[in-house]
$ cat data_19.tsv   # TSV, C-alpha atoms
chain	number	residue	atom	x	y	z
A	1	MET	CA	-127.23	-157.06	-69.05
A	2	THR	CA	-128.94	-158.06	-72.25
A	3	ALA	CA	-132.23	-159.06	-73.81
A	4	LEU	CA	-132.04	-162.84	-73.52
A	5	PRO	CA	-133.04	-165.09	-76.42
A	6	GLU	CA	-136.50	-166.59	-76.03
A	7	ASP	CA	-135.20	-170.09	-75.29
A	8	THR	CA	-132.81	-168.75	-72.62
A	9	THR	CA	-135.62	-166.68	-71.08
A	10	LEU	CA	-137.81	-169.79	-70.89
A	11	GLU	CA	-134.97	-171.79	-69.37
A	12	LEU	CA	-134.42	-169.16	-66.67
A	13	SER	CA	-138.16	-169.09	-65.96
A	14	ARG	CA	-138.27	-172.89	-65.65
A	15	ALA	CA	-135.32	-172.82	-63.24
A	16	LEU	CA	-137.16	-170.35	-61.00
A	17	ILE	CA	-140.40	-172.35	-61.23
A	18	ASP	CA	-138.56	-175.54	-60.30
A	19	ALA	CA	-136.94	-173.74	-57.35
A	20	ARG	CA	-140.35	-172.73	-56.03
A	21	ARG	CA	-141.75	-176.22	-56.41
A	22	SER	CA	-138.77	-178.09	-55.00
A	23	GLY	CA	-137.77	-175.66	-52.26
A	24	HIS	CA	-134.18	-175.80	-53.52
A	25	ARG	CA	-132.60	-172.59	-54.77
A	26	ALA	CA	-131.61	-172.37	-58.43
A	27	ASP	CA	-128.05	-171.92	-59.65
A	28	VAL	CA	-128.47	-169.12	-62.19
A	29	SER	CA	-124.76	-168.48	-62.71
A	30	ARG	CA	-124.98	-169.95	-66.21
A	31	PHE	CA	-127.46	-167.29	-67.31
A	32	PRO	CA	-126.48	-163.82	-68.54
A	33	THR	CA	-127.95	-160.95	-66.55
A	34	PRO	CA	-131.30	-160.09	-68.14
A	35	ASP	CA	-132.26	-156.58	-69.09
A	36	TYR	CA	-135.31	-154.90	-67.53
A	37	ALA	CA	-137.81	-156.05	-70.16
A	38	THR	CA	-136.54	-159.64	-70.01
A	39	ALA	CA	-136.76	-159.66	-66.19
A	40	LEU	CA	-140.43	-158.66	-66.40
A	41	LYS	CA	-141.02	-161.32	-69.06
A	42	VAL	CA	-139.55	-163.94	-66.72
A	43	GLN	CA	-141.89	-162.70	-63.99
A	44	GLN	CA	-144.86	-163.18	-66.30
A	45	GLN	CA	-143.79	-166.68	-67.28
A	46	VAL	CA	-143.19	-167.74	-63.68
A	47	GLN	CA	-146.42	-166.15	-62.42
A	48	SER	CA	-148.47	-167.89	-65.10
A	49	SER	CA	-147.39	-171.21	-63.58
A	50	LEU	CA	-148.16	-170.08	-60.01
A	51	GLY	CA	-151.76	-168.99	-60.52
A	52	ALA	CA	-153.54	-165.91	-59.23
A	53	VAL	CA	-151.88	-162.65	-58.19
A	54	GLY	CA	-152.62	-161.22	-54.74
A	55	GLY	CA	-150.76	-157.94	-55.04
A	56	PHE	CA	-147.69	-156.12	-56.27
A	57	LYS	CA	-144.59	-154.47	-54.89
A	58	VAL	CA	-143.08	-151.28	-56.24
A	59	ALA	CA	-139.80	-149.43	-55.68
A	60	ARG	CA	-137.78	-146.78	-57.43
A	61	ARG	CA	-134.78	-147.60	-59.62
A	62	ALA	CA	-132.09	-145.04	-60.32
A	63	GLU	CA	-131.82	-146.44	-63.84
A	64	GLY	CA	-135.36	-145.45	-64.87
A	65	SER	CA	-138.43	-147.67	-64.89
A	66	PRO	CA	-139.33	-148.82	-61.38
A	67	VAL	CA	-139.19	-152.20	-59.71
A	68	ILE	CA	-142.55	-153.90	-60.20
A	69	ALA	CA	-143.18	-157.48	-59.08
A	70	PRO	CA	-146.28	-159.60	-58.48
A	71	ILE	CA	-147.08	-161.27	-55.17
A	72	THR	CA	-148.73	-164.66	-55.53
A	73	ALA	CA	-152.24	-164.93	-54.12
A	74	ASP	CA	-151.47	-168.11	-52.18
A	75	GLY	CA	-148.67	-166.21	-50.43
A	76	VAL	CA	-151.04	-163.53	-49.09
A	77	LEU	CA	-151.87	-164.51	-45.51
A	78	PRO	CA	-154.00	-162.99	-42.74
A	79	SER	CA	-152.42	-161.52	-39.63
A	80	GLY	CA	-151.60	-164.18	-37.04
A	81	SER	CA	-150.63	-166.80	-39.63
A	82	VAL	CA	-147.82	-169.32	-39.32
A	83	VAL	CA	-145.35	-168.68	-42.15
A	84	GLN	CA	-143.47	-171.80	-43.21
A	85	THR	CA	-139.76	-171.01	-43.22
A	86	ALA	CA	-137.06	-173.32	-44.58
A	87	ASP	CA	-134.03	-171.54	-43.12
A	88	ARG	CA	-134.60	-167.80	-42.78
A	89	MET	CA	-137.18	-165.23	-43.80
A	90	GLY	CA	-136.84	-161.51	-44.36
A	91	ILE	CA	-139.39	-159.25	-42.66
A	92	GLU	CA	-140.38	-155.71	-43.67
A	93	LEU	CA	-143.12	-153.57	-42.12
A	94	GLU	CA	-144.95	-151.61	-44.81
A	95	ILE	CA	-148.05	-149.64	-45.80
A	96	GLY	CA	-150.11	-151.23	-48.55
A	97	PHE	CA	-153.02	-149.94	-50.62
A	98	GLU	CA	-155.86	-152.34	-51.43
A	99	LEU	CA	-157.85	-151.63	-54.60
A	100	ILE	CA	-161.55	-151.41	-53.68
A	101	SER	CA	-162.86	-150.15	-57.02
A	102	ASP	CA	-163.63	-151.91	-60.30
A	103	THR	CA	-161.75	-149.17	-62.12
A	104	LEU	CA	-158.34	-147.57	-61.76
A	105	PRO	CA	-157.93	-143.80	-61.39
A	106	SER	CA	-156.22	-141.77	-64.09
A	107	HIS	CA	-154.99	-139.43	-61.33
A	108	LEU	CA	-154.72	-139.91	-57.59
A	109	ASP	CA	-156.62	-136.74	-56.72
A	110	ALA	CA	-159.22	-138.73	-54.71
A	111	PRO	CA	-157.39	-141.93	-53.66
A	112	GLY	CA	-159.99	-142.85	-51.04
A	113	LYS	CA	-162.50	-143.60	-53.81
A	114	TYR	CA	-160.26	-146.35	-55.16
A	115	PHE	CA	-158.00	-147.59	-52.37
A	116	ARG	CA	-157.88	-148.29	-48.66
A	117	PRO	CA	-154.60	-148.42	-46.69
A	118	ARG	CA	-153.58	-151.53	-44.76
A	119	ILE	CA	-150.67	-152.42	-42.51
A	120	VAL	CA	-148.70	-155.36	-43.93
A	121	LEU	CA	-145.57	-157.43	-43.41
A	122	GLU	CA	-143.68	-158.25	-46.57
A	123	LEU	CA	-142.01	-161.67	-46.50
A	124	VAL	CA	-138.67	-161.79	-48.32
A	125	ASP	CA	-136.84	-164.86	-49.59
A	126	THR	CA	-134.97	-165.77	-52.75
A	127	ARG	CA	-135.11	-168.61	-55.24
A	128	LEU	CA	-131.51	-167.82	-56.27
A	129	ALA	CA	-128.56	-169.85	-54.98
A	130	GLY	CA	-125.46	-168.02	-53.83
A	131	ALA	CA	-125.19	-164.34	-52.99
A	132	ASP	CA	-124.60	-160.89	-54.50
A	133	HIS	CA	-126.93	-161.33	-57.44
A	134	ASP	CA	-127.43	-158.53	-59.93
A	135	PRO	CA	-130.50	-156.38	-59.16
A	136	LEU	CA	-132.09	-157.36	-62.47
A	137	MET	CA	-131.76	-161.06	-61.66
A	138	LYS	CA	-133.48	-160.31	-58.35
A	139	LEU	CA	-136.17	-158.47	-60.31
A	140	ALA	CA	-136.70	-161.57	-62.45
A	141	ASP	CA	-137.14	-163.51	-59.19
A	142	MET	CA	-140.16	-161.35	-58.26
A	143	GLN	CA	-137.80	-158.94	-56.45
A	144	VAL	CA	-137.25	-161.82	-53.95
A	145	ASN	CA	-140.79	-161.54	-52.60
A	146	ALA	CA	-141.99	-164.58	-50.64
A	147	GLY	CA	-145.45	-163.40	-49.62
A	148	LEU	CA	-147.44	-160.91	-47.62
A	149	VAL	CA	-149.08	-160.90	-44.19
A	150	VAL	CA	-152.07	-158.54	-44.21
A	151	GLY	CA	-153.23	-156.64	-41.16
A	152	PRO	CA	-156.06	-154.19	-40.44
A	153	VAL	CA	-157.42	-151.42	-42.64
A	154	LEU	CA	-156.94	-147.82	-41.59
A	155	GLU	CA	-160.59	-146.94	-41.00
A	156	ASP	CA	-162.13	-143.60	-42.06
A	157	TRP	CA	-159.13	-142.71	-44.19
A	158	ASP	CA	-159.55	-139.25	-45.72
A	159	GLY	CA	-157.12	-139.84	-48.57
A	160	LYS	CA	-154.28	-137.98	-46.86
A	161	ASP	CA	-150.77	-139.09	-47.77
A	162	PHE	CA	-148.36	-140.85	-45.40
A	163	SER	CA	-144.95	-139.28	-44.95
A	164	THR	CA	-143.77	-139.90	-41.38
A	165	VAL	CA	-145.56	-142.49	-39.23
A	166	GLU	CA	-145.15	-143.95	-35.77
A	167	ALA	CA	-144.05	-147.54	-36.32
A	168	PHE	CA	-143.14	-150.51	-34.14
A	169	LEU	CA	-141.63	-153.86	-35.15
A	170	ASN	CA	-140.40	-156.62	-32.85
A	171	CYS	CA	-139.03	-159.91	-34.16
A	172	GLY	CA	-138.22	-162.64	-31.67
A	173	GLY	CA	-137.71	-160.12	-28.89
A	174	GLN	CA	-135.43	-157.94	-31.03
A	175	GLN	CA	-136.71	-154.37	-31.30
A	176	ILE	CA	-136.30	-153.34	-34.94
A	177	VAL	CA	-138.07	-150.00	-34.90
A	178	ASP	CA	-140.08	-148.09	-32.30
A	179	GLY	CA	-140.87	-144.49	-33.12
A	180	PRO	CA	-141.23	-142.10	-36.05
A	181	VAL	CA	-140.05	-143.33	-39.46
A	182	THR	CA	-140.27	-141.82	-42.92
A	183	VAL	CA	-141.90	-143.86	-45.67
A	184	PRO	CA	-139.71	-144.59	-48.72
A	185	GLY	CA	-139.38	-141.46	-50.82
A	186	GLY	CA	-141.31	-139.49	-48.22
A	187	SER	CA	-144.70	-140.26	-49.79
A	188	ALA	CA	-146.65	-143.52	-49.82
A	189	LEU	CA	-149.08	-142.14	-52.43
A	190	ALA	CA	-146.17	-141.22	-54.69
A	191	MET	CA	-145.09	-144.86	-54.64
A	192	LEU	CA	-148.64	-145.97	-55.45
A	193	SER	CA	-148.79	-143.46	-58.29
A	194	LEU	CA	-145.43	-144.71	-59.59
A	195	PHE	CA	-146.89	-148.21	-59.76
A	196	LEU	CA	-150.04	-147.06	-61.56
A	197	ASP	CA	-148.00	-145.10	-64.09
A	198	HIS	CA	-145.87	-148.09	-65.07
A	199	ALA	CA	-147.64	-151.38	-64.29
A	200	GLY	CA	-150.18	-151.45	-67.12
A	201	ASP	CA	-151.41	-155.02	-67.64
A	202	HIS	CA	-148.27	-156.64	-66.24
A	203	CYS	CA	-149.22	-160.05	-64.82
A	204	GLY	CA	-152.89	-159.23	-65.36
A	205	GLY	CA	-152.75	-155.67	-64.07
A	206	LEU	CA	-154.02	-154.46	-60.72
A	207	GLN	CA	-157.39	-156.03	-59.86
A	208	PRO	CA	-159.94	-155.37	-57.06
A	209	GLY	CA	-158.81	-156.84	-53.75
A	210	GLN	CA	-155.13	-156.81	-54.68
A	211	ILE	CA	-152.67	-154.80	-52.58
A	212	VAL	CA	-149.80	-152.58	-53.71
A	213	ILE	CA	-147.06	-152.35	-51.07
A	214	THR	CA	-144.97	-149.21	-50.94
A	215	GLY	CA	-141.63	-150.04	-49.33
A	216	THR	CA	-140.13	-150.89	-45.98
A	217	LEU	CA	-140.49	-148.77	-42.86
A	218	SER	CA	-138.14	-151.01	-40.91
A	219	GLY	CA	-135.31	-152.04	-43.21
A	220	LEU	CA	-134.76	-155.70	-44.10
A	221	LEU	CA	-133.59	-158.24	-41.52
A	222	PHE	CA	-133.75	-162.04	-41.67
A	223	PHE	CA	-134.98	-164.42	-38.97
A	224	GLY	CA	-135.19	-168.17	-38.52
A	225	PRO	CA	-138.00	-170.57	-37.62
A	226	GLY	CA	-139.54	-170.03	-34.21
A	227	THR	CA	-139.57	-166.23	-34.48
A	228	ASP	CA	-142.66	-164.32	-33.39
A	229	VAL	CA	-143.19	-161.11	-35.37
A	230	LEU	CA	-145.33	-158.18	-34.19
A	231	GLY	CA	-145.72	-154.88	-36.01
A	232	ARG	CA	-147.78	-151.74	-35.47
A	233	ILE	CA	-148.36	-148.46	-37.28
A	234	ALA	CA	-150.20	-145.73	-35.41
A	235	GLY	CA	-153.85	-145.65	-36.48
A	236	PHE	CA	-153.72	-148.99	-38.27
A	237	GLY	CA	-153.40	-151.43	-35.38
A	238	GLU	CA	-151.24	-154.57	-35.25
A	239	VAL	CA	-150.06	-157.21	-37.70
A	240	SER	CA	-148.31	-160.42	-36.66
A	241	CYS	CA	-147.04	-163.78	-37.80
A	242	HIS	CA	-144.99	-166.72	-36.52
A	243	LEU	CA	-142.14	-168.19	-38.54
A	244	GLY	CA	-142.77	-171.93	-38.46

$ encode --input "data_19.tsv" --output "structure tokens"
Amino acid sequence: MTALPEDTTLELSRALIDARRSGHRADVSRFPTPDYATALKVQQQVQSSLGAVGGFKVARRAEGSPVIAPITADGVLPSGSVVQTADRMGIELEIGFELISDTLPSHLDAPGKYFRPRIVLELVDTRLAGADHDPLMKLADMQVNAGLVVGPVLEDWDGKDFSTVEAFLNCGGQQIVDGPVTVPGGSALAMLSLFLDHAGDHCGGLQPGQIVITGTLSGLLFFGPGTDVLGRIAGFGEVSCHLG
């Protein structure tokens, strides 16, 4: 991995933009693997062509700075939506935190003043042709995010963390999870804090109404068009979509 020259970075960004616009995946085999900073720069260049940001995803990296990737606003859909699917779509059941304040906290000692939890489905798809891509190339491709389906708010949240929750996910009649599951890292608020500590003004920074998603409760499986998806987390209610 290396810091790519500016012209190569722009070329990679254009390839990913073209893939989004055309619906055809990009052959990135001619590009060197970017380093972390270059991958985030590609994200910024691609996102600037896509318009508004609707949220962000975050995940830990063993190498240091975390995975951070924007979710385009036009990919954020209400529960019950039809999700257009070319061949297959990855589905992950997650807890998200929606920013409800005009300011960001310096510490998450009173998270309920700034955020409200929501049940969400992350949609996963790639703009990269082929398979077995380097994690940093996936990071450049928005960590292969394809959108977000947003379900109900957890009402009357007292700011308590989420560690183990009762979760349910069914996709096309296939039971993915039904019972207690542990959130990634054992703490949803720790994932939110990780994002706040590292995101800064990346892709405009976190803004009111945007949602930070904190990692899958169900693993990642892919499904084709015609699949009905239904998820639940105890206390939150249901979230659903149909792969069209």

$ atom_distance --input "data_19.tsv" --atom1 "atom CA of Glu166 of chain A" --atom2 "atom CA of Thr182 of chain A"
8.9 Å

$ closest_atom_pairs --input "data_19.tsv" --of "segment 141-198 of chain A" --to "segment 19-34 of chain A" --cutoff "12 Å" --atoms "all atoms listed in the file" --output "tab-separated table"
residue	atom	partner	partner_atom	distance
A:Asp141	CA	A:Arg20	CA	10.3
A:Met142	CA	A:Arg20	CA	11.6
A:Val144	CA	A:Arg20	CA	11.5
A:Asn145	CA	A:Arg20	CA	11.7
A:Ala146	CA	A:Arg20	CA	9.9

$ closest_residue --input "data_19.tsv" --among "A:Leu154, A:Leu16, A:Ile91, A:Leu123" --to "Leu169 of chain A" --atoms "all atoms listed in the file"
A:Ile91

$ residues_around --input "data_19.tsv" --residues "Asp102 of chain A" --least-positions-apart "3" --cutoff "9 Å" --atoms "only C-alpha atoms" --output "short mmCIF file (atom, residue, chain, number, x, y, z; two decimals) with C-alpha atoms, in the frame of the given file"
data_model
loop_
_atom_site.label_atom_id
_atom_site.label_comp_id
_atom_site.auth_asym_id
_atom_site.auth_seq_id
_atom_site.Cartn_x
_atom_site.Cartn_y
_atom_site.Cartn_z
CA LEU A 99 -157.85 -151.63 -54.60
CA TYR A 114 -160.26 -146.35 -55.16
CA GLN A 207 -157.39 -156.03 -59.86
CA PRO A 208 -159.94 -155.37 -57.06
#

$ atom_distance --input "data_19.tsv" --atom1 "atom CA of Glu92 of chain A" --atom2 "atom CA of Asp125 of chain A"
11.5 Å

$ residues_near_point --input "data_19.tsv" --point "(-139.1, -162.0, -29.3)" --cutoff "9 Å" --atoms "all atoms listed in the file" --output "number ranges by chain"
A: 170-175, 227-230

$ residues_around --input "data_19.tsv" --residues "Leu108 of chain A" --least-positions-apart "3" --cutoff "8 Å" --atoms "all atoms listed in the file" --output "list of chain:residue names"
A:Pro105, A:Pro111, A:Leu189, A:Ser193

$ closest_atom_pairs --input "data_19.tsv" --of "segment 149-230 of chain A" --to "segment 59-67 of chain A" --cutoff "8 Å" --atoms "all atoms listed in the file" --output "Markdown table"
| residue | atom | partner | partner_atom | distance |
| --- | --- | --- | --- | --- |
| A:Met191 | CA | A:Ala59 | CA | 7.1 |
| A:Leu194 | CA | A:Pro66 | CA | 7.6 |
| A:Phe195 | CA | A:Pro66 | CA | 7.8 |
| A:His198 | CA | A:Ser65 | CA | 7.5 |
| A:Thr214 | CA | A:Ala59 | CA | 7.0 |
| A:Gly215 | CA | A:Ala59 | CA | 6.6 |
